[in-house]
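Below is the file model-v6.cif, which contains mmCIF, C-alpha atoms and all ligand atoms.
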```
data_final
loop_
_atom_site.group_PDB
_atom_site.id
_atom_site.type_symbol
_atom_site.label_atom_id
_atom_site.label_comp_id
_atom_site.auth_asym_id
_atom_site.auth_seq_id
_atom_site.Cartn_x
_atom_site.Cartn_y
_atom_site.Cartn_z
ATOM 1 C CA MET A 1 -62.394 98.045 -175.993
ATOM 2 C CA THR A 2 -58.795 96.976 -176.239
ATOM 3 C CA ASN A 3 -56.986 96.525 -179.495
ATOM 4 C CA LYS A 4 -54.924 93.631 -178.134
ATOM 5 C CA LEU A 5 -55.071 90.371 -180.103
ATOM 6 C CA LYS A 6 -57.666 88.077 -178.537
ATOM 7 C CA TYR A 7 -57.995 84.340 -179.046
ATOM 8 C CA PHE A 8 -61.279 82.508 -179.352
ATOM 9 C CA ILE A 9 -60.491 78.825 -179.314
ATOM 10 C CA GLY A 10 -63.060 76.083 -179.589
ATOM 11 C CA ASN A 11 -62.372 72.727 -177.983
ATOM 12 C CA TRP A 12 -64.839 70.339 -179.574
ATOM 13 C CA LYS A 13 -63.774 67.446 -177.326
ATOM 14 C CA MET A 14 -65.323 64.139 -178.515
ATOM 15 C CA PHE A 15 -67.809 65.677 -180.911
ATOM 16 C CA GLY A 16 -68.432 65.879 -184.616
ATOM 17 C CA ASP A 17 -68.451 64.106 -187.949
ATOM 18 C CA PHE A 18 -68.092 65.152 -191.594
ATOM 19 C CA GLY A 19 -71.477 66.868 -191.437
ATOM 20 C CA SER A 20 -70.103 69.176 -188.749
ATOM 21 C CA PHE A 21 -68.187 70.982 -191.462
ATOM 22 C CA LYS A 22 -71.144 73.363 -191.669
ATOM 23 C CA ILE A 23 -70.209 74.662 -188.219
ATOM 24 C CA VAL A 24 -66.609 75.184 -189.287
ATOM 25 C CA SER A 25 -67.669 76.837 -192.513
ATOM 26 C CA LYS A 26 -69.977 79.335 -190.769
ATOM 27 C CA ILE A 27 -67.301 80.276 -188.259
ATOM 28 C CA ASN A 28 -64.761 80.630 -191.069
ATOM 29 C CA GLN A 29 -67.129 82.935 -192.972
ATOM 30 C CA TYR A 30 -67.714 85.001 -189.866
ATOM 31 C CA SER A 31 -63.970 85.312 -189.388
ATOM 32 C CA TYR A 32 -63.537 86.391 -193.002
ATOM 33 C CA LYS A 33 -66.259 89.048 -192.784
ATOM 34 C CA HIS A 34 -65.028 90.486 -189.507
ATOM 35 C CA GLN A 35 -61.319 90.122 -189.981
ATOM 36 C CA LYS A 36 -60.723 93.862 -189.924
ATOM 37 C CA SER A 37 -63.111 94.916 -187.167
ATOM 38 C CA ASN A 38 -61.190 93.570 -184.159
ATOM 39 C CA LYS A 39 -57.868 91.884 -183.688
ATOM 40 C CA LYS A 40 -58.816 88.294 -183.059
ATOM 41 C CA LYS A 41 -57.653 84.804 -183.820
ATOM 42 C CA ILE A 42 -60.138 81.963 -184.114
ATOM 43 C CA ILE A 43 -58.985 78.381 -183.729
ATOM 44 C CA LEU A 44 -61.041 75.195 -183.676
ATOM 45 C CA CYS A 45 -59.514 72.153 -181.999
ATOM 46 C CA VAL A 46 -61.430 69.236 -183.429
ATOM 47 C CA PRO A 47 -61.127 65.439 -183.208
ATOM 48 C CA ASN A 48 -58.176 63.921 -185.097
ATOM 49 C CA THR A 49 -60.614 62.189 -187.449
ATOM 50 C CA LEU A 50 -61.753 65.551 -188.819
ATOM 51 C CA ILE A 51 -58.645 67.746 -189.055
ATOM 52 C CA HIS A 52 -57.595 66.712 -192.547
ATOM 53 C CA TYR A 53 -61.135 66.637 -193.908
ATOM 54 C CA PHE A 54 -61.920 70.143 -192.635
ATOM 55 C CA LYS A 55 -58.570 71.435 -193.828
ATOM 56 C CA LYS A 56 -59.272 70.202 -197.357
ATOM 57 C CA LYS A 57 -62.853 71.470 -197.387
ATOM 58 C CA LEU A 58 -61.858 74.975 -196.281
ATOM 59 C CA LYS A 59 -60.953 76.701 -199.516
ATOM 60 C CA SER A 60 -59.608 79.769 -197.785
ATOM 61 C CA GLU A 61 -58.730 79.639 -194.161
ATOM 62 C CA PHE A 62 -59.659 82.505 -191.897
ATOM 63 C CA ILE A 63 -59.511 80.252 -188.878
ATOM 64 C CA SER A 64 -56.887 77.697 -187.816
ATOM 65 C CA LEU A 65 -57.394 74.075 -186.955
ATOM 66 C CA GLY A 66 -55.929 72.303 -183.990
ATOM 67 C CA ALA A 67 -55.829 68.947 -182.238
ATOM 68 C CA GLN A 68 -56.693 68.139 -178.643
ATOM 69 C CA ASN A 69 -53.900 65.845 -177.477
ATOM 70 C CA CYS A 70 -51.075 63.655 -178.772
ATOM 71 C CA HIS A 71 -48.814 60.819 -177.764
ATOM 72 C CA HIS A 72 -45.453 61.970 -176.389
ATOM 73 C CA HIS A 73 -43.352 59.727 -178.642
ATOM 74 C CA ASP A 74 -41.764 61.570 -181.567
ATOM 75 C CA GLY A 75 -41.549 58.880 -184.235
ATOM 76 C CA TYR A 76 -43.737 55.915 -185.097
ATOM 77 C CA GLY A 77 -43.925 53.123 -182.533
ATOM 78 C CA ALA A 78 -45.915 50.347 -180.947
ATOM 79 C CA PHE A 79 -48.501 52.559 -179.244
ATOM 80 C CA THR A 80 -51.881 51.128 -180.133
ATOM 81 C CA GLY A 81 -54.527 53.760 -180.704
ATOM 82 C CA SER A 82 -52.122 56.678 -180.412
ATOM 83 C CA VAL A 83 -51.222 59.536 -182.725
ATOM 84 C CA ASN A 84 -48.115 61.669 -182.403
ATOM 85 C CA ALA A 85 -47.563 65.399 -182.934
ATOM 86 C CA SER A 86 -45.906 64.909 -186.318
ATOM 87 C CA MET A 87 -48.907 62.948 -187.653
ATOM 88 C CA LEU A 88 -51.259 65.706 -186.492
ATOM 89 C CA LYS A 89 -49.104 68.391 -188.041
ATOM 90 C CA LYS A 90 -49.187 66.538 -191.362
ATOM 91 C CA MET A 91 -52.991 66.420 -191.163
ATOM 92 C CA GLY A 92 -53.105 70.212 -190.984
ATOM 93 C CA ALA A 93 -53.116 70.963 -187.262
ATOM 94 C CA LYS A 94 -51.373 74.217 -186.380
ATOM 95 C CA PHE A 95 -52.348 74.157 -182.711
ATOM 96 C CA ILE A 96 -52.633 71.474 -180.058
ATOM 97 C CA ILE A 97 -54.289 71.445 -176.664
ATOM 98 C CA LEU A 98 -52.133 69.746 -174.026
ATOM 99 C CA GLY A 99 -52.689 69.168 -170.321
ATOM 100 C CA HIS A 100 -56.467 69.377 -170.456
ATOM 101 C CA SER A 101 -57.976 68.402 -167.109
ATOM 102 C CA GLU A 102 -60.086 65.713 -168.786
ATOM 103 C CA ASN A 103 -56.825 64.011 -169.770
ATOM 104 C CA ARG A 104 -55.175 64.716 -166.427
ATOM 105 C CA THR A 105 -58.121 62.880 -164.850
ATOM 106 C CA GLU A 106 -57.296 59.902 -167.071
ATOM 107 C CA GLY A 107 -53.812 59.805 -165.563
ATOM 108 C CA GLU A 108 -51.718 62.398 -167.398
ATOM 109 C CA THR A 109 -49.056 63.724 -165.052
ATOM 110 C CA ASN A 110 -47.143 67.002 -165.273
ATOM 111 C CA GLN A 111 -44.104 64.968 -166.358
ATOM 112 C CA LEU A 112 -45.981 63.244 -169.167
ATOM 113 C CA ILE A 113 -47.453 66.553 -170.301
ATOM 114 C CA LYS A 114 -43.932 67.954 -170.416
ATOM 115 C CA LYS A 115 -42.893 65.179 -172.819
ATOM 116 C CA LYS A 116 -45.901 65.996 -174.989
ATOM 117 C CA ILE A 117 -45.006 69.685 -174.968
ATOM 118 C CA ILE A 118 -41.477 68.819 -176.110
ATOM 119 C CA SER A 119 -42.731 66.643 -178.961
ATOM 120 C CA ALA A 120 -45.261 69.263 -180.075
ATOM 121 C CA LEU A 121 -42.580 71.973 -179.974
ATOM 122 C CA ASN A 122 -40.317 69.721 -182.060
ATOM 123 C CA GLN A 123 -43.062 69.782 -184.687
ATOM 124 C CA LYS A 124 -43.387 73.560 -184.392
ATOM 125 C CA LEU A 125 -46.998 73.217 -183.319
ATOM 126 C CA ASN A 126 -48.495 76.018 -181.235
ATOM 127 C CA ILE A 127 -49.480 74.697 -177.848
ATOM 128 C CA ILE A 128 -52.512 75.559 -175.782
ATOM 129 C CA PHE A 129 -51.327 74.419 -172.390
ATOM 130 C CA CYS A 130 -54.145 73.929 -169.877
ATOM 131 C CA ILE A 131 -53.749 74.262 -166.143
ATOM 132 C CA GLY A 132 -56.277 74.554 -163.349
ATOM 133 C CA GLU A 133 -57.182 73.514 -159.843
ATOM 134 C CA THR A 134 -59.948 71.186 -158.689
ATOM 135 C CA TYR A 135 -62.787 72.293 -156.429
ATOM 136 C CA THR A 136 -61.192 70.662 -153.389
ATOM 137 C CA GLU A 137 -57.858 72.319 -154.094
ATOM 138 C CA LYS A 138 -59.605 75.659 -154.381
ATOM 139 C CA LYS A 139 -61.483 75.146 -151.105
ATOM 140 C CA GLU A 140 -58.220 74.269 -149.401
ATOM 141 C CA GLY A 141 -56.650 77.504 -150.639
ATOM 142 C CA LYS A 142 -54.187 75.645 -152.853
ATOM 143 C CA THR A 143 -55.021 77.251 -156.222
ATOM 144 C CA PHE A 144 -51.766 79.159 -156.653
ATOM 145 C CA SER A 145 -49.534 76.354 -155.412
ATOM 146 C CA ILE A 146 -51.213 73.869 -157.778
ATOM 147 C CA LEU A 147 -50.911 76.206 -160.756
ATOM 148 C CA LYS A 148 -47.281 76.871 -159.927
ATOM 149 C CA LYS A 149 -46.555 73.158 -159.744
ATOM 150 C CA GLN A 150 -48.337 72.463 -163.038
ATOM 151 C CA LEU A 151 -46.289 75.174 -164.735
ATOM 152 C CA LYS A 152 -42.925 74.399 -163.146
ATOM 153 C CA ASN A 153 -43.133 70.647 -163.635
ATOM 154 C CA SER A 154 -44.100 70.801 -167.312
ATOM 155 C CA LEU A 155 -42.035 73.719 -168.588
ATOM 156 C CA GLU A 156 -38.399 74.606 -169.021
ATOM 157 C CA ARG A 157 -36.773 77.918 -169.590
ATOM 158 C CA LYS A 158 -35.405 76.761 -172.945
ATOM 159 C CA PHE A 159 -38.907 76.136 -174.362
ATOM 160 C CA LYS A 160 -40.113 78.819 -176.749
ATOM 161 C CA MET A 161 -42.671 80.794 -174.784
ATOM 162 C CA ASN A 162 -44.055 82.377 -177.918
ATOM 163 C CA LYS A 163 -45.175 78.916 -179.101
ATOM 164 C CA ILE A 164 -47.208 78.377 -175.940
ATOM 165 C CA ILE A 165 -50.571 79.893 -175.055
ATOM 166 C CA PHE A 166 -51.593 79.204 -171.469
ATOM 167 C CA ALA A 167 -55.187 78.381 -170.651
ATOM 168 C CA TYR A 168 -56.434 78.674 -167.102
ATOM 169 C CA GLU A 169 -59.306 76.226 -166.761
ATOM 170 C CA PRO A 170 -60.460 75.665 -163.189
ATOM 171 C CA VAL A 171 -61.661 72.051 -163.204
ATOM 172 C CA TRP A 172 -64.762 72.982 -161.185
ATOM 173 C CA SER A 173 -65.872 75.426 -163.858
ATOM 174 C CA ILE A 174 -65.698 73.069 -166.847
ATOM 175 C CA GLY A 175 -69.184 72.217 -168.077
ATOM 176 C CA THR A 176 -70.760 73.286 -164.778
ATOM 177 C CA ASN A 177 -71.971 76.835 -165.476
ATOM 178 C CA LYS A 178 -69.862 77.961 -162.518
ATOM 179 C CA ILE A 179 -67.325 80.687 -163.139
ATOM 180 C CA PRO A 180 -64.770 82.401 -160.914
ATOM 181 C CA SER A 181 -65.476 85.906 -159.627
ATOM 182 C CA ILE A 182 -63.992 88.620 -161.777
ATOM 183 C CA ASP A 183 -61.496 89.734 -159.092
ATOM 184 C CA GLU A 184 -60.473 86.173 -158.405
ATOM 185 C CA LEU A 185 -59.978 85.493 -162.092
ATOM 186 C CA ARG A 186 -58.011 88.682 -162.704
ATOM 187 C CA ASN A 187 -55.656 87.817 -159.829
ATOM 188 C CA THR A 188 -55.184 84.264 -161.031
ATOM 189 C CA ILE A 189 -54.424 85.340 -164.595
ATOM 190 C CA LYS A 190 -51.900 87.858 -163.252
ATOM 191 C CA PHE A 191 -50.361 85.164 -161.079
ATOM 192 C CA ILE A 192 -49.972 82.797 -164.042
ATOM 193 C CA LYS A 193 -48.362 85.540 -166.114
ATOM 194 C CA SER A 194 -45.874 86.368 -163.395
ATOM 195 C CA GLU A 195 -45.002 82.701 -162.781
ATOM 196 C CA CYS A 196 -44.418 82.148 -166.500
ATOM 197 C CA LYS A 197 -42.186 85.191 -166.684
ATOM 198 C CA LYS A 198 -40.127 83.721 -163.840
ATOM 199 C CA ILE A 199 -39.835 80.308 -165.470
ATOM 200 C CA PHE A 200 -38.865 81.729 -168.857
ATOM 201 C CA LYS A 201 -36.839 84.536 -167.304
ATOM 202 C CA THR A 202 -38.384 87.002 -169.676
ATOM 203 C CA LYS A 203 -39.981 90.410 -169.576
ATOM 204 C CA LYS A 204 -42.294 89.439 -172.417
ATOM 205 C CA ILE A 205 -45.878 88.991 -171.328
ATOM 206 C CA PRO A 206 -47.212 85.452 -171.773
ATOM 207 C CA ARG A 207 -50.648 84.951 -173.302
ATOM 208 C CA VAL A 208 -53.164 83.507 -170.863
ATOM 209 C CA LEU A 209 -56.692 82.444 -171.766
ATOM 210 C CA TYR A 210 -59.622 81.554 -169.577
ATOM 211 C CA GLY A 211 -61.729 78.432 -170.100
ATOM 212 C CA GLY A 212 -64.711 77.017 -168.211
ATOM 213 C CA SER A 213 -68.433 77.515 -168.908
ATOM 214 C CA VAL A 214 -67.835 80.503 -171.194
ATOM 215 C CA ASN A 215 -71.103 81.411 -172.911
ATOM 216 C CA ARG A 216 -72.733 84.279 -174.769
ATOM 217 C CA LYS A 217 -74.180 85.659 -171.537
ATOM 218 C CA ASN A 218 -71.161 85.676 -169.254
ATOM 219 C CA ILE A 219 -68.612 86.717 -171.904
ATOM 220 C CA GLN A 220 -69.268 90.394 -171.282
ATOM 221 C CA LEU A 221 -68.225 90.005 -167.651
ATOM 222 C CA PHE A 222 -64.910 88.567 -168.798
ATOM 223 C CA SER A 223 -64.379 91.381 -171.262
ATOM 224 C CA THR A 224 -63.760 93.693 -168.312
ATOM 225 C CA ILE A 225 -60.557 91.811 -167.505
ATOM 226 C CA TYR A 226 -57.829 93.409 -169.584
ATOM 227 C CA GLU A 227 -55.293 90.727 -168.655
ATOM 228 C CA ILE A 228 -57.221 87.891 -170.354
ATOM 229 C CA ASP A 229 -55.915 87.192 -173.848
ATOM 230 C CA GLY A 230 -58.858 85.101 -174.953
ATOM 231 C CA PHE A 231 -60.999 82.077 -174.238
ATOM 232 C CA LEU A 232 -61.000 78.323 -174.563
ATOM 233 C CA ILE A 233 -64.581 77.350 -175.202
ATOM 234 C CA GLY A 234 -65.934 73.814 -174.868
ATOM 235 C CA GLY A 235 -69.657 73.080 -175.194
ATOM 236 C CA ALA A 236 -70.565 76.413 -176.790
ATOM 237 C CA SER A 237 -68.045 75.889 -179.605
ATOM 238 C CA GLN A 238 -70.076 72.952 -180.913
ATOM 239 C CA SER A 239 -72.643 75.407 -182.283
ATOM 240 C CA SER A 240 -71.592 78.065 -184.784
ATOM 241 C CA LYS A 241 -74.294 80.415 -183.482
ATOM 242 C CA LYS A 242 -73.297 80.106 -179.831
ATOM 243 C CA PHE A 243 -69.608 80.427 -180.652
ATOM 244 C CA ILE A 244 -70.087 83.470 -182.897
ATOM 245 C CA ASP A 245 -72.418 85.088 -180.348
ATOM 246 C CA ILE A 246 -69.658 84.802 -177.774
ATOM 247 C CA ILE A 247 -67.302 86.732 -180.046
ATOM 248 C CA LYS A 248 -69.950 89.311 -180.958
ATOM 249 C CA ASN A 249 -70.929 89.890 -177.343
ATOM 250 C CA TYR A 250 -67.313 90.154 -176.278
ATOM 251 C CA TYR A 251 -66.858 93.178 -178.517
ATOM 252 C CA LYS A 252 -70.256 94.754 -177.762
HETATM 253 P P1 LIG B 301 -66.967 74.192 -171.293
HETATM 254 O O1 LIG B 301 -66.870 75.504 -172.062
HETATM 255 O O2 LIG B 301 -67.940 73.240 -171.874
HETATM 256 O O3 LIG B 301 -67.143 74.445 -169.832
HETATM 257 O O4 LIG B 301 -65.540 73.466 -171.457
HETATM 258 C C1 LIG B 301 -64.384 74.173 -171.219
HETATM 259 C C2 LIG B 301 -63.233 73.364 -171.680
HETATM 260 O O5 LIG B 301 -62.956 72.304 -171.151
HETATM 261 C C3 LIG B 301 -62.466 73.879 -172.816
HETATM 262 O O6 LIG B 301 -61.260 73.212 -172.949
#
```
Rewrite the structure of this file - the entire thing - as structure tokens.
Amino acid sequence: MTNKLKYFIGNWKMFGDFGSFKIVSKINQYSYKHQKSNKKKIILCVPNTLIHYFKKKLKSEFISLGAQNCHHHDGYGAFTGSVNASMLKKMGAKFIILGHSENRTEGETNQLIKKKIISALNQKLNIIFCIGETYTEKKEGKTFSILKKQLKNSLERKFKMNKIIFAYEPVWSIGTNKIPSIDELRNTIKFIKSECKKIFKTKKIPRVLYGGSVNRKNIQLFSTIYEIDGFLIGGASQSSKKFIDIIKNYYK
């Protein structure tokens, strides 16, 4: 097993209330107990309504908390229902998911996501930037061209690459129990890494995660792909047992 730092990031989506702190607490305890055994970083991206509450309840933090989206505007403004990156940072978020396909479906464009990336970088938040093709795009052989477009149209060379973690989430694999083949996934992760290196004109290797129907059974398949730097986990992160089992099985 590799000694490379691996990320296990939970995306709770629209889930949870104050009582869900027990999930956070169990995962935090697990992280504390196993902090030395493998190099890993655990992050939970929870609803905005819970970030501050969880942050305060966690007496010692062995995990980090993150948000799932933000408005692109830097300061306050007349944007009913919206929250900006600075407000999330003040609540205790260290990470933020941007470009998730569920928000792209609601109309987020690559250009809008770029604005959000800029505002999150201004707040020194760490970004988990999601990209991925739809089923139709995959069938039409457009996966690489779509990924390239999503990267090129939302990133600029001057952005700090070390503040961005890329997450490859094929839309057709989210919540469907369908996963890419191991060869396919390895090639796609390699492709994303090489495209990022071109955009940032760097020799440093970008961090790329996989997300989409990751569970305690299929995680061992993914562990054979050296190039993957970790996982963005949706449904299974809403249960401390399922989430911890994923980590345990990864290192088995
Ligand atoms: P699932 O793990 O539920 O497929 O969700 C993946 C996801 O969207 C994480 O951002």
query = Taking the file as shown, what set of residues would the PyMOL selection byres (((not hetatm)) within 7 of (chain B and resi 301)) give back, as a PyMOL selection string?
reply = chain A and resi 11+100+169+173-177+211-214+232-236
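Against the coordinates shown, the PyMOL selection byres (((chain A and resi 225) around 10) and not hetatm) returns Ile182, Asp183, Leu185, Arg186, Asn187, Ile189, Gln220, Leu221, Phe222, Ser223, Thr224, Tyr226, Glu227, Ile228 and Asp229 of chain A.
Against this structure, the PyMOL selection byres (((chain A and resi 247-251) around 7) and not hetatm) ends up with Arg216, Ile219, Gln220, Ser223, Phe243, Ile244, Asp245, Ile246 and Lys252 of chain A.
Considering the residues A:Leu125, A:Ile113, A:Ile51, A:Cys70 and counting all atoms listed in the file, A:Gly92 has its shortest atom-to-atom contact with A:Ile51.
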ask   = atom CA of A:Tyr7 and atom CA of A:Phe21, how far apart in Å?
value = 20.9 Å
query = Excluding same-chain residues fewer than 4 positions from A:Lys163, what lies within 8 Å of it counting only C-alpha atoms, as a ChimeraX atom specification?
reply = /A:121,124-127
Those residues with C-alpha atoms, as a short mmCIF file (atom, residue, chain, number, x, y, z; two decimals), in the coordinates of the input please?
```cif
data_model
loop_
_atom_site.label_atom_id
_atom_site.label_comp_id
_atom_site.auth_asym_id
_atom_site.auth_seq_id
_atom_site.Cartn_x
_atom_site.Cartn_y
_atom_site.Cartn_z
CA LEU A 121 -42.58 71.97 -179.97
CA LYS A 124 -43.39 73.56 -184.39
CA LEU A 125 -47.00 73.22 -183.32
CA ASN A 126 -48.50 76.02 -181.24
CA ILE A 127 -49.48 74.70 -177.85
#
```
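Between A:Val24 and the residues A:Phe8, A:Trp172, A:Phe191, A:Phe54, the shortest atom-to-atom distance, using all atoms listed in the file, involves A:Phe54.
The gap separating atom CA of A:Gln35 from atom CA of A:Asn215 is 21.5 Å, in Å to one decimal.
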What's around A:Tyr32 at 9 Å? Count all atoms listed in the file, leave out sequence neighbours fewer than 6 positions away in its own chain, and write the answer as a short mmCIF file (atom, residue, chain, number, x, y, z; two decimals) with C-alpha atoms, in the frame of the given file.
```cif
data_model
loop_
_atom_site.label_atom_id
_atom_site.label_comp_id
_atom_site.auth_asym_id
_atom_site.auth_seq_id
_atom_site.Cartn_x
_atom_site.Cartn_y
_atom_site.Cartn_z
CA GLU A 61 -58.73 79.64 -194.16
CA PHE A 62 -59.66 82.50 -191.90
CA ILE A 63 -59.51 80.25 -188.88
#
```
ask   = From the list A:Val208, A:Ile192, A:Leu147, A:Ile43, which residue is nearest A:Ile131 when using all atoms listed in the file?
value = A:Leu147
request  = Go through A:Asn218, A:Asn84, A:Asn69, A:Gly77 and flag the residue nearest A:Lys178, using all atoms listed in the file for the distances.
outcome  = A:Asn218
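For stretch 195-206 of chain A, the residues within 10 Å (counting all atoms listed in the file, excluding itself and residues fewer than 5 positions away along the chain) are Phe144, Leu147, Lys148, Leu151, Lys152, Leu155, Glu156, Arg157, Lys158, Phe159, Lys160, Met161, Asn162, Ile164, Ile165, Phe166, Ile189, Lys190, Glu227 and Asp229 of chain A.
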Selection to disk with C-alpha atoms, as a JSON list (two decimals), in the frame of the given file:
```json
[["chain", "number", "residue", "atom", "x", "y", "z"],
["A", 144, "PHE", "CA", -51.77, 79.16, -156.65],
["A", 147, "LEU", "CA", -50.91, 76.21, -160.76],
["A", 148, "LYS", "CA", -47.28, 76.87, -159.93],
["A", 151, "LEU", "CA", -46.29, 75.17, -164.74],
["A", 152, "LYS", "CA", -42.92, 74.40, -163.15],
["A", 155, "LEU", "CA", -42.04, 73.72, -168.59],
["A", 156, "GLU", "CA", -38.40, 74.61, -169.02],
["A", 157, "ARG", "CA", -36.77, 77.92, -169.59],
["A", 158, "LYS", "CA", -35.40, 76.76, -172.94],
["A", 159, "PHE", "CA", -38.91, 76.14, -174.36],
["A", 160, "LYS", "CA", -40.11, 78.82, -176.75],
["A", 161, "MET", "CA", -42.67, 80.79, -174.78],
["A", 162, "ASN", "CA", -44.06, 82.38, -177.92],
["A", 164, "ILE", "CA", -47.21, 78.38, -175.94],
["A", 165, "ILE", "CA", -50.57, 79.89, -175.06],
["A", 166, "PHE", "CA", -51.59, 79.20, -171.47],
["A", 189, "ILE", "CA", -54.42, 85.34, -164.60],
["A", 190, "LYS", "CA", -51.90, 87.86, -163.25],
["A", 227, "GLU", "CA", -55.29, 90.73, -168.66],
["A", 229, "ASP", "CA", -55.92, 87.19, -173.85]]
```
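Shortest atom-to-atom contact with A:Lys116 among A:Ile146, A:Phe15, A:His71, A:Lys26: A:His71, counting all atoms listed in the file.
Reported to one decimal place, the separation of atom CA of A:Ser82 from atom CA of A:Gly230 is 29.7 Å.
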Residue nearest A:Arg104 - candidates A:Gly19, A:Gly81, A:Gly132, A:Pro180, atoms counted: all atoms listed in the file = A:Gly132
inquiry  = I want to know what sits within 9 Å of A:Lys39, based on only C-alpha atoms, with residues of the same chain fewer than 5 positions away left out; could you give that as a list in words?
reply    = Asn3, Lys4, Leu5, Lys6 and Tyr7 of chain A
request  = Do a neighbour search on A:His72 at 9 Å with only C-alpha atoms, toss out local chain neighbours closer than 2 positions, and write the hits as number ranges by chain.
outcome  = A: 70, 74, 83-85, 112-120
Step by step, gather every atom of stretch 199-216 of chain A that the file lists, find the box along x, y and z that holds them, add 3 Å on each side, and finally give centre and edge lengths in Å to one decimal, as AutoDock Vina command-line options.
```
--center_x -54.8 --center_y 83.7 --center_z -170.1 --size_x 41.9 --size_y 19.4 --size_z 15.3
```
